[in-house]
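Data file: work29.pdb. Format and content: PDB, C-alpha atoms.
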```pdb
ATOM      1  CA  MET J   1      -2.994  13.234 -14.369
ATOM      2  CA  ILE J   2      -3.321  10.013 -12.390
ATOM      3  CA  THR J   3      -6.591   9.526 -10.538
ATOM      4  CA  THR J   4      -7.990   6.844  -8.234
ATOM      5  CA  ALA J   5     -11.479   6.259  -6.884
ATOM      6  CA  ASP J   6     -12.874   3.446  -4.786
ATOM      7  CA  ARG J   7     -16.225   2.960  -3.086
ATOM      8  CA  PHE J   8     -16.674  -0.076  -0.874
ATOM      9  CA  ALA J   9     -20.418  -0.393  -0.313
ATOM     10  CA  GLY J  10     -23.038  -3.069   0.210
ATOM     11  CA  PRO J  11     -24.296  -5.391  -0.964
ATOM     12  CA  ALA J  12     -21.111  -6.028  -2.957
ATOM     13  CA  ILE J  13     -18.797  -5.652   0.021
ATOM     14  CA  ASP J  14     -19.046  -5.228   3.782
ATOM     15  CA  ARG J  15     -16.337  -2.659   4.464
ATOM     16  CA  TRP J  16     -16.203  -3.573   8.155
ATOM     17  CA  ASN J  17     -15.905  -7.344   7.848
ATOM     18  CA  ALA J  18     -14.557  -8.136   4.378
ATOM     19  CA  HIS J  19     -11.117  -8.732   5.823
ATOM     20  CA  ASP J  20      -9.878  -9.781   9.220
ATOM     21  CA  PHE J  21      -7.392  -6.964   9.763
ATOM     22  CA  ASN J  22      -8.459  -3.861   7.865
ATOM     23  CA  VAL J  23     -11.398  -1.592   7.114
ATOM     24  CA  TYR J  24     -12.134  -0.143   3.694
ATOM     25  CA  GLY J  25     -12.790   3.573   3.188
ATOM     26  CA  ASP J  26     -14.286   5.398   0.210
ATOM     27  CA  GLY J  27     -11.970   7.918  -1.379
ATOM     28  CA  GLY J  28     -10.624   9.546  -4.502
ATOM     29  CA  THR J  29      -7.212  11.035  -5.239
ATOM     30  CA  ALA J  30      -5.477  12.819  -8.107
ATOM     31  CA  LEU J  31      -1.915  13.816  -8.837
ATOM     32  CA  VAL J  32      -0.155  15.379 -11.808
ATOM     33  CA  LEU J  33       3.127  14.158 -13.252
ATOM     34  CA  SER J  34       5.171  16.637 -15.267
ATOM     35  CA  SER J  35       8.479  16.515 -17.118
ATOM     36  CA  ARG J  36       9.000  20.228 -16.464
ATOM     37  CA  SER J  37       8.628  21.074 -12.784
ATOM     38  CA  GLY J  38       6.991  20.161  -9.502
ATOM     39  CA  PHE J  39       7.374  20.090  -5.742
ATOM     40  CA  ALA J  40       8.843  16.575  -5.844
ATOM     41  CA  ARG J  41      10.865  14.455  -8.235
ATOM     42  CA  VAL J  42      10.363  10.759  -8.935
ATOM     43  CA  LEU J  43      13.783   9.121  -8.622
ATOM     44  CA  ALA J  44      12.837   5.489  -9.248
ATOM     45  CA  THR J  45      10.024   2.963  -9.373
ATOM     46  CA  ALA J  46      10.000  -0.820  -9.120
ATOM     47  CA  THR J  47       7.416  -3.586  -9.315
ATOM     48  CA  VAL J  48       7.853  -7.133  -8.052
ATOM     49  CA  ALA J  49       5.228  -9.860  -8.388
ATOM     50  CA  ASP J  50       4.632 -13.468  -7.470
ATOM     51  CA  ASN J  51       1.654 -14.430  -9.600
ATOM     52  CA  THR J  52       1.466 -17.891  -8.051
ATOM     53  CA  LEU J  53      -0.258 -16.091  -5.156
ATOM     54  CA  GLU J  54      -3.087 -14.813  -7.366
ATOM     55  CA  GLY J  55      -5.533 -17.345  -5.963
ATOM     56  CA  GLN J  56      -5.301 -15.940  -2.447
ATOM     57  CA  ALA J  57      -7.691 -13.110  -3.344
ATOM     58  CA  ARG J  58      -9.861 -15.276  -5.623
ATOM     59  CA  GLY J  59     -10.263 -18.335  -3.442
ATOM     60  CA  ALA J  60     -12.173 -21.193  -5.032
ATOM     61  CA  GLU J  61     -14.046 -18.923  -7.459
ATOM     62  CA  THR J  62     -13.429 -19.428 -11.163
ATOM     63  CA  PHE J  63     -12.434 -16.652 -13.541
ATOM     64  CA  SER J  64     -15.374 -14.828 -15.158
ATOM     65  CA  ALA J  65     -15.896 -12.020 -17.642
ATOM     66  CA  ALA J  66     -17.685  -9.827 -15.088
ATOM     67  CA  SER J  67     -17.699  -9.435 -11.324
ATOM     68  CA  ARG J  68     -20.292 -11.434  -9.431
ATOM     69  CA  ALA J  69     -20.161  -9.012  -6.483
ATOM     70  CA  GLY J  70     -23.675  -7.752  -7.190
ATOM     71  CA  GLN J  71     -25.155 -11.194  -6.615
ATOM     72  CA  CYS J  72     -22.691 -12.515  -4.044
ATOM     73  CA  PRO J  73     -20.892 -10.149  -1.642
ATOM     74  CA  VAL J  74     -17.100 -10.245  -1.704
ATOM     75  CA  ASP J  75     -15.773 -12.157   1.302
ATOM     76  CA  LEU J  76     -11.993 -11.917   1.326
ATOM     77  CA  GLN J  77     -11.740 -13.939   4.521
ATOM     78  CA  ALA J  78     -13.575 -16.839   2.907
ATOM     79  CA  ARG J  79     -11.417 -16.589  -0.200
ATOM     80  CA  SER J  80      -8.216 -16.641   1.851
ATOM     81  CA  ALA J  81      -9.509 -19.630   3.811
ATOM     82  CA  ALA J  82     -10.295 -21.509   0.607
ATOM     83  CA  TYR J  83      -6.805 -20.813  -0.704
ATOM     84  CA  ALA J  84      -5.276 -21.954   2.594
ATOM     85  CA  THR J  85      -6.899 -25.375   2.319
ATOM     86  CA  ALA J  86      -4.676 -26.144  -0.669
ATOM     87  CA  HIS J  87      -1.578 -24.137   0.269
ATOM     88  CA  ASP J  88       0.689 -23.921   3.293
ATOM     89  CA  PRO J  89      -0.243 -20.651   5.084
ATOM     90  CA  THR J  90       3.268 -20.237   6.468
ATOM     91  CA  GLN J  91       4.830 -20.533   3.018
ATOM     92  CA  THR J  92       2.227 -18.110   1.656
ATOM     93  CA  SER J  93       3.222 -15.512   4.262
ATOM     94  CA  ILE J  94       6.910 -16.059   3.524
ATOM     95  CA  ARG J  95       6.385 -15.587  -0.216
ATOM     96  CA  ILE J  96       4.375 -12.403   0.324
ATOM     97  CA  GLY J  97       7.147 -11.098   2.578
ATOM     98  CA  ARG J  98       9.753 -11.894  -0.049
ATOM     99  CA  VAL J  99       7.869  -9.867  -2.657
ATOM    100  CA  MET J 100       7.645  -6.875  -0.314
ATOM    101  CA  ILE J 101      11.316  -6.979   0.653
ATOM    102  CA  ALA J 102      12.401  -7.453  -2.967
ATOM    103  CA  ALA J 103      10.314  -4.448  -4.074
ATOM    104  CA  ARG J 104      11.877  -2.270  -1.393
ATOM    105  CA  ALA J 105      15.395  -3.410  -2.304
ATOM    106  CA  ALA J 106      14.821  -2.922  -6.041
ATOM    107  CA  VAL J 107      13.578   0.656  -5.794
ATOM    108  CA  LEU J 108      16.320   1.712  -3.377
ATOM    109  CA  LYS J 109      18.943   0.241  -5.699
ATOM    110  CA  ALA J 110      17.412   2.027  -8.698
ATOM    111  CA  ALA J 111      17.336   5.313  -6.770
ATOM    112  CA  GLY J 112      20.909   4.831  -5.542
ATOM    113  CA  LEU J 113      19.865   5.349  -1.933
ATOM    114  CA  PRO J 114      20.429   3.403   1.276
ATOM    115  CA  MET J 115      17.406   2.964   3.521
ATOM    116  CA  GLU J 116      19.016   5.369   5.991
ATOM    117  CA  ARG J 117      18.462   8.212   3.496
ATOM    118  CA  VAL J 118      14.687   7.678   3.441
ATOM    119  CA  ALA J 119      12.920  10.151   5.727
ATOM    120  CA  ARG J 120       9.376   8.727   5.591
ATOM    121  CA  MET J 121       7.496   5.794   4.083
ATOM    122  CA  VAL J 122       3.948   5.833   2.740
ATOM    123  CA  THR J 123       2.456   2.426   3.511
ATOM    124  CA  PRO J 124      -0.940   1.014   2.504
ATOM    125  CA  ALA J 125      -3.659   1.748   5.063
ATOM    126  CA  THR J 126      -4.398  -1.938   5.393
ATOM    127  CA  GLY J 127      -4.834  -2.130   9.127
ATOM    128  CA  ARG J 128      -3.236  -4.301  11.759
ATOM    129  CA  LEU J 129      -2.189  -7.915  11.449
ATOM    130  CA  LYS J 130      -2.902 -10.285  14.309
ATOM    131  CA  GLY J 131      -0.090 -10.281  16.845
ATOM    132  CA  ASP J 132       2.778  -7.904  17.402
ATOM    133  CA  TYR J 133       4.454  -8.311  13.996
ATOM    134  CA  GLN J 134       3.289  -5.590  11.601
ATOM    135  CA  VAL J 135       4.112  -4.386   8.082
ATOM    136  CA  HIS J 136       6.613  -1.793   9.288
ATOM    137  CA  HIS J 137       8.568  -4.514  11.093
ATOM    138  CA  LEU J 138       8.897  -6.483   7.866
ATOM    139  CA  LEU J 139      10.049  -3.386   6.005
ATOM    140  CA  GLY J 140      12.604  -2.584   8.687
ATOM    141  CA  VAL J 141      11.349   0.822   9.822
ATOM    142  CA  ALA J 142       9.814   2.308  12.937
ATOM    143  CA  GLU J 143       6.051   2.767  12.891
ATOM    144  CA  GLU J 144       6.519   6.523  13.390
ATOM    145  CA  MET J 145       8.315   6.643  10.037
ATOM    146  CA  THR J 146       5.224   5.368   8.209
ATOM    147  CA  THR J 147       1.847   6.975   7.499
ATOM    148  CA  TRP J 148      -0.012   4.606   9.840
ATOM    149  CA  ASP J 149      -1.273   7.439  12.084
ATOM    150  CA  PHE J 150      -2.992   8.951   9.033
ATOM    151  CA  GLY J 151      -4.132   5.714   7.421
ATOM    152  CA  ARG J 152      -5.789   4.480  10.606
ATOM    153  CA  THR J 153      -8.236   7.410  10.303
ATOM    154  CA  THR J 154      -9.138   6.880   6.636
ATOM    155  CA  GLY J 155      -9.205   3.132   6.204
ATOM    156  CA  HIS J 156      -7.825   1.510   3.073
ATOM    157  CA  VAL J 157      -8.905   3.676   0.125
ATOM    158  CA  GLY J 158      -7.565   1.223  -2.417
ATOM    159  CA  ALA J 159      -5.079   2.582  -4.936
ATOM    160  CA  GLY J 160      -5.469   6.040  -3.394
ATOM    161  CA  ASP J 161      -3.395   5.240  -0.302
ATOM    162  CA  TRP J 162      -0.220   6.367  -2.121
ATOM    163  CA  ALA J 163      -1.360   9.839  -3.158
ATOM    164  CA  ALA J 164      -3.344  10.479   0.018
ATOM    165  CA  GLY J 165      -0.413   9.462   2.209
ATOM    166  CA  LEU J 166       2.073  11.614   0.308
ATOM    167  CA  GLU J 167      -0.269  14.602   0.379
ATOM    168  CA  HIS J 168      -0.678  14.174   4.123
ATOM    169  CA  LEU J 169       3.081  14.200   4.674
ATOM    170  CA  VAL J 170       3.484  17.329   2.563
ATOM    171  CA  THR J 171       0.576  19.337   3.980
ATOM    172  CA  THR J 172       1.466  18.530   7.587
ATOM    173  CA  ARG J 173       5.114  19.389   6.838
ATOM    174  CA  ALA J 174       6.249  15.992   8.015
ATOM    175  CA  VAL J 175       8.728  16.152   5.122
ATOM    176  CA  GLU J 176      10.921  19.037   4.023
ATOM    177  CA  PRO J 177      12.836  19.913   0.844
ATOM    178  CA  GLY J 178      15.719  17.476   0.497
ATOM    179  CA  ASP J 179      13.851  14.572   2.131
ATOM    180  CA  HIS J 180      13.276  11.275   0.345
ATOM    181  CA  VAL J 181       9.965   9.434   0.647
ATOM    182  CA  LEU J 182       9.438   5.776  -0.188
ATOM    183  CA  LEU J 183       5.951   4.990  -1.489
ATOM    184  CA  PHE J 184       4.968   1.385  -0.883
ATOM    185  CA  GLY J 185       1.929  -0.251  -2.419
ATOM    186  CA  GLY J 186       0.629  -3.786  -2.718
ATOM    187  CA  GLY J 187      -2.183  -5.565  -4.446
ATOM    188  CA  ALA J 188      -3.730  -8.898  -5.278
ATOM    189  CA  GLY J 189      -1.766 -10.875  -7.718
ATOM    190  CA  TYR J 190       0.457 -10.734  -5.561
ATOM    191  CA  THR J 191       2.170  -7.506  -6.647
ATOM    192  CA  CYS J 192       4.141  -4.768  -4.895
ATOM    193  CA  THR J 193       4.990  -1.469  -6.548
ATOM    194  CA  THR J 194       7.336   1.028  -4.948
ATOM    195  CA  ALA J 195       8.642   4.483  -5.761
ATOM    196  CA  VAL J 196      11.149   6.901  -4.283
ATOM    197  CA  VAL J 197      10.446  10.617  -4.538
ATOM    198  CA  GLU J 198      12.635  13.522  -3.480
ATOM    199  CA  ILE J 199      10.883  16.541  -1.993
ATOM    200  CA  LEU J 200      12.148  19.643  -3.790
ATOM    201  CA  ASP J 201       9.953  22.426  -2.446
ATOM    202  CA  ARG J 202       6.921  23.286  -0.344
ATOM    203  CA  PRO J 203       4.051  23.583  -2.835
ATOM    204  CA  GLU J 204       1.906  26.716  -2.719
ATOM    205  CA  TRP J 205      -1.248  24.724  -2.022
ATOM    206  CA  THR J 206       0.038  23.728   1.413
TER     207      THR J 206
END
```
Show this structure as structure tokens.
Amino acid sequence: MITTADRFAGPAIDRWNAHDFNVYGDGGTALVLSSRSGFARVLATATVADNTLEGQARGAETFSAASRAGQCPVDLQARSAAYATAHDPTQTSIRIGRVMIAARAAVLKAAGLPMERVARMVTPATGRLKGDYQVHHLLGVAEEMTTWDFGRTTGHVGAGDWAAGLEHLVTTRAVEPGDHVLLFGGGAGYTCTTAVVEILDRPEWT
């Protein structure tokens, strides 16, 4: 069983203003992986990282043995701004994009699938970027193919976006047996992990 749980509450974090393009939501998820049976099959996973981008989420703060969030609220905008003073923001965006595209390419290659065979994509519920260029544009899919309509109602529930998004697709019957779903996740570091699952059946719990 794989579980996730995140609670974004004050004074450690202001869920509404911690970032300039997304809102954080409290949530927990759980899923079971089995080598015997299930409603879906994991075909491939891939992780790509560019650890030179680690400082973007840390800013000017030094490493410590414990979080200082209790004494000083987390301000991701301030951390990003501090990182930008020493790094070219355009190059930072390009490097993040490269990680995302490489993660997508790696998992599709491992699964032996072209992008055209992917029915839906679960994307992180990380809100809207400034301007017209959004995550789905970078990944080369239409917004309707992603789980944005669902994620915009929950906010970013941390590591739970994957399981919650997949469950939403299954319970709303947005995917059918035979469909392939690409799960796309990202995190500070900067790291992207992807997976391709094939829907085998409609589970009884739907």
CA of Gly158 in chain J to CA of Val118 in chain J: how many Å, to one decimal? 23.9 Å
Neighbours of point (-6.9, -13.5, -6.2) within 12 Å, using only C-alpha atoms, written as a ChimeraX atom specification: /J:50-63,74-80,82-83,187-191
Selected residue, from J:Val122, J:Ile2, J:Val175, J:Ala12, that lies nearest to Leu31 in chain J when counting all atoms listed in the file: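 Smallest distance to Leu31 in chain J is found for J:Ile2.
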In Å to one decimal, how far is CA of Cys192 in chain J from CA of Gly151 in chain J? 18.2 Å
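When the PyMOL selection byres ((chain J and resi 203) around 12) is run on the displayed coordinates, the residues it returns are J:Ser37, J:Gly38, J:Phe39, J:Ala40, J:Glu167, J:Val170, J:Thr171, J:Thr172, J:Arg173, J:Val175, J:Glu176, J:Pro177, J:Ile199, J:Leu200, J:Asp201, J:Arg202, J:Glu204, J:Trp205, J:Thr206.
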List as an MDAnalysis selection string the protein and nucleic acid residues near Thr146 in chain J, meaning an atom at most 8 Å away when all atoms listed in the file are counted, but skip any in the same chain fewer than 4 places from it. chainID J and resid 120:123 136 141:142
Which is closest to Asn17 in chain J among J:Thr92, J:Ala163, J:Ser34, J:Pro73, if we use all atoms listed in the file?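 Of J:Thr92, J:Ala163, J:Ser34, J:Pro73, the one nearest Asn17 in chain J is J:Pro73, counting all atoms listed in the file.
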Matched chain/residue IDs from the PyMOL selection byres ((chain J and resi 105) around 12), as a count of residues only: 31
Using the chain letters and numbering of this document, enumerate as a PyMOL selection string the residues selected by the PyMOL selection byres ((chain J and resi 16) around 12). chain J and resi 8-10+13-15+17-25+74-77+127+155-156
Can you tell me how far CA of Asp26 in chain J sits from CA of Thr4 in chain J, in Å to one decimal?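 Separation of CA of Asp26 in chain J and CA of Thr4 in chain J: 10.6 Å.
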Using all atoms listed in the file, which residue out of J:Arg41, J:Ala5, J:Cys72, J:Ala119 lies closest to Glu144 in chain J?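 Closest to Glu144 in chain J of all the choices is J:Ala119.
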Counting all atoms listed in the file, figure out which residue out of J:Ala84, J:Ala159, J:Gln91, J:Trp148 gets nearest to Asp6 in chain J.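 That would be J:Ala159, the residue with the smallest distance to Asp6 in chain J.
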For Arg152 in chain J, which of J:Arg36, J:Arg68, J:Arg7, J:Arg128 is the closest residue, counting all atoms listed in the file?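 The shortest atom-to-atom distance to Arg152 in chain J comes from J:Arg128.
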Would you mind completing range 81-92 of chain J to all heavy atoms and writing the output as a compact mmCIF listing (two decimals), in the coordinates of the input?
```
# COMPACT_ATOMS: atom_id res chain seq x y z
N ALA J 81 -9.37 -18.32 3.17
CA ALA J 81 -9.51 -19.63 3.81
C ALA J 81 -9.55 -20.74 2.77
O ALA J 81 -8.94 -21.81 2.97
CB ALA J 81 -10.77 -19.65 4.66
N ALA J 82 -10.23 -20.50 1.67
CA ALA J 82 -10.30 -21.51 0.61
C ALA J 82 -8.91 -21.75 0.01
O ALA J 82 -8.53 -22.89 -0.28
CB ALA J 82 -11.27 -21.05 -0.47
N TYR J 83 -8.17 -20.68 -0.17
CA TYR J 83 -6.80 -20.81 -0.70
C TYR J 83 -5.92 -21.57 0.28
O TYR J 83 -5.10 -22.40 -0.12
CB TYR J 83 -6.23 -19.42 -0.97
CG TYR J 83 -4.85 -19.42 -1.56
CD1 TYR J 83 -4.66 -19.61 -2.94
CD2 TYR J 83 -3.72 -19.21 -0.77
CE1 TYR J 83 -3.38 -19.61 -3.49
CE2 TYR J 83 -2.45 -19.19 -1.31
CZ TYR J 83 -2.28 -19.39 -2.67
OH TYR J 83 -1.02 -19.39 -3.22
N ALA J 84 -6.11 -21.32 1.57
CA ALA J 84 -5.28 -21.95 2.59
C ALA J 84 -5.50 -23.45 2.69
O ALA J 84 -4.61 -24.18 3.17
CB ALA J 84 -5.54 -21.30 3.95
N THR J 85 -6.66 -23.94 2.25
CA THR J 85 -6.90 -25.38 2.32
C THR J 85 -6.01 -26.15 1.36
O THR J 85 -5.78 -27.35 1.54
CB THR J 85 -8.37 -25.71 2.00
OG1 THR J 85 -8.68 -25.27 0.67
CG2 THR J 85 -9.30 -25.03 3.00
N ALA J 86 -5.51 -25.47 0.33
CA ALA J 86 -4.68 -26.14 -0.67
C ALA J 86 -3.23 -25.66 -0.65
O ALA J 86 -2.41 -26.14 -1.43
CB ALA J 86 -5.27 -25.93 -2.06
N HIS J 87 -2.93 -24.70 0.22
CA HIS J 87 -1.58 -24.14 0.27
C HIS J 87 -1.14 -23.95 1.72
O HIS J 87 -1.97 -23.65 2.59
CB HIS J 87 -1.52 -22.80 -0.47
CG HIS J 87 -1.92 -22.88 -1.91
ND1 HIS J 87 -3.25 -22.84 -2.30
CD2 HIS J 87 -1.18 -22.99 -3.04
CE1 HIS J 87 -3.31 -22.93 -3.63
NE2 HIS J 87 -2.08 -23.02 -4.10
N ASP J 88 0.13 -24.09 1.95
CA ASP J 88 0.69 -23.92 3.29
C ASP J 88 0.65 -22.44 3.68
O ASP J 88 1.33 -21.63 3.05
CB ASP J 88 2.14 -24.43 3.30
CG ASP J 88 2.77 -24.36 4.69
OD1 ASP J 88 2.25 -23.64 5.55
OD2 ASP J 88 3.81 -25.03 4.90
N PRO J 89 -0.13 -22.06 4.69
CA PRO J 89 -0.24 -20.65 5.08
C PRO J 89 1.09 -20.02 5.46
O PRO J 89 1.34 -18.84 5.17
CB PRO J 89 -1.20 -20.69 6.28
CG PRO J 89 -1.99 -21.93 6.09
CD PRO J 89 -1.04 -22.92 5.49
N THR J 90 1.96 -20.78 6.09
CA THR J 90 3.27 -20.24 6.47
C THR J 90 4.09 -19.90 5.23
O THR J 90 4.70 -18.82 5.14
CB THR J 90 4.05 -21.24 7.34
OG1 THR J 90 3.30 -21.50 8.54
CG2 THR J 90 5.42 -20.69 7.70
N GLN J 91 4.09 -20.80 4.25
CA GLN J 91 4.83 -20.53 3.02
C GLN J 91 4.21 -19.37 2.25
O GLN J 91 4.92 -18.59 1.61
CB GLN J 91 4.85 -21.79 2.14
CG GLN J 91 5.75 -22.89 2.66
CD GLN J 91 7.20 -22.43 2.80
OE1 GLN J 91 7.76 -21.80 1.90
NE2 GLN J 91 7.79 -22.73 3.95
N THR J 92 2.88 -19.25 2.31
CA THR J 92 2.23 -18.11 1.66
C THR J 92 2.71 -16.80 2.27
O THR J 92 3.05 -15.86 1.54
CB THR J 92 0.70 -18.23 1.80
OG1 THR J 92 0.25 -19.40 1.12
CG2 THR J 92 0.00 -17.01 1.21
```
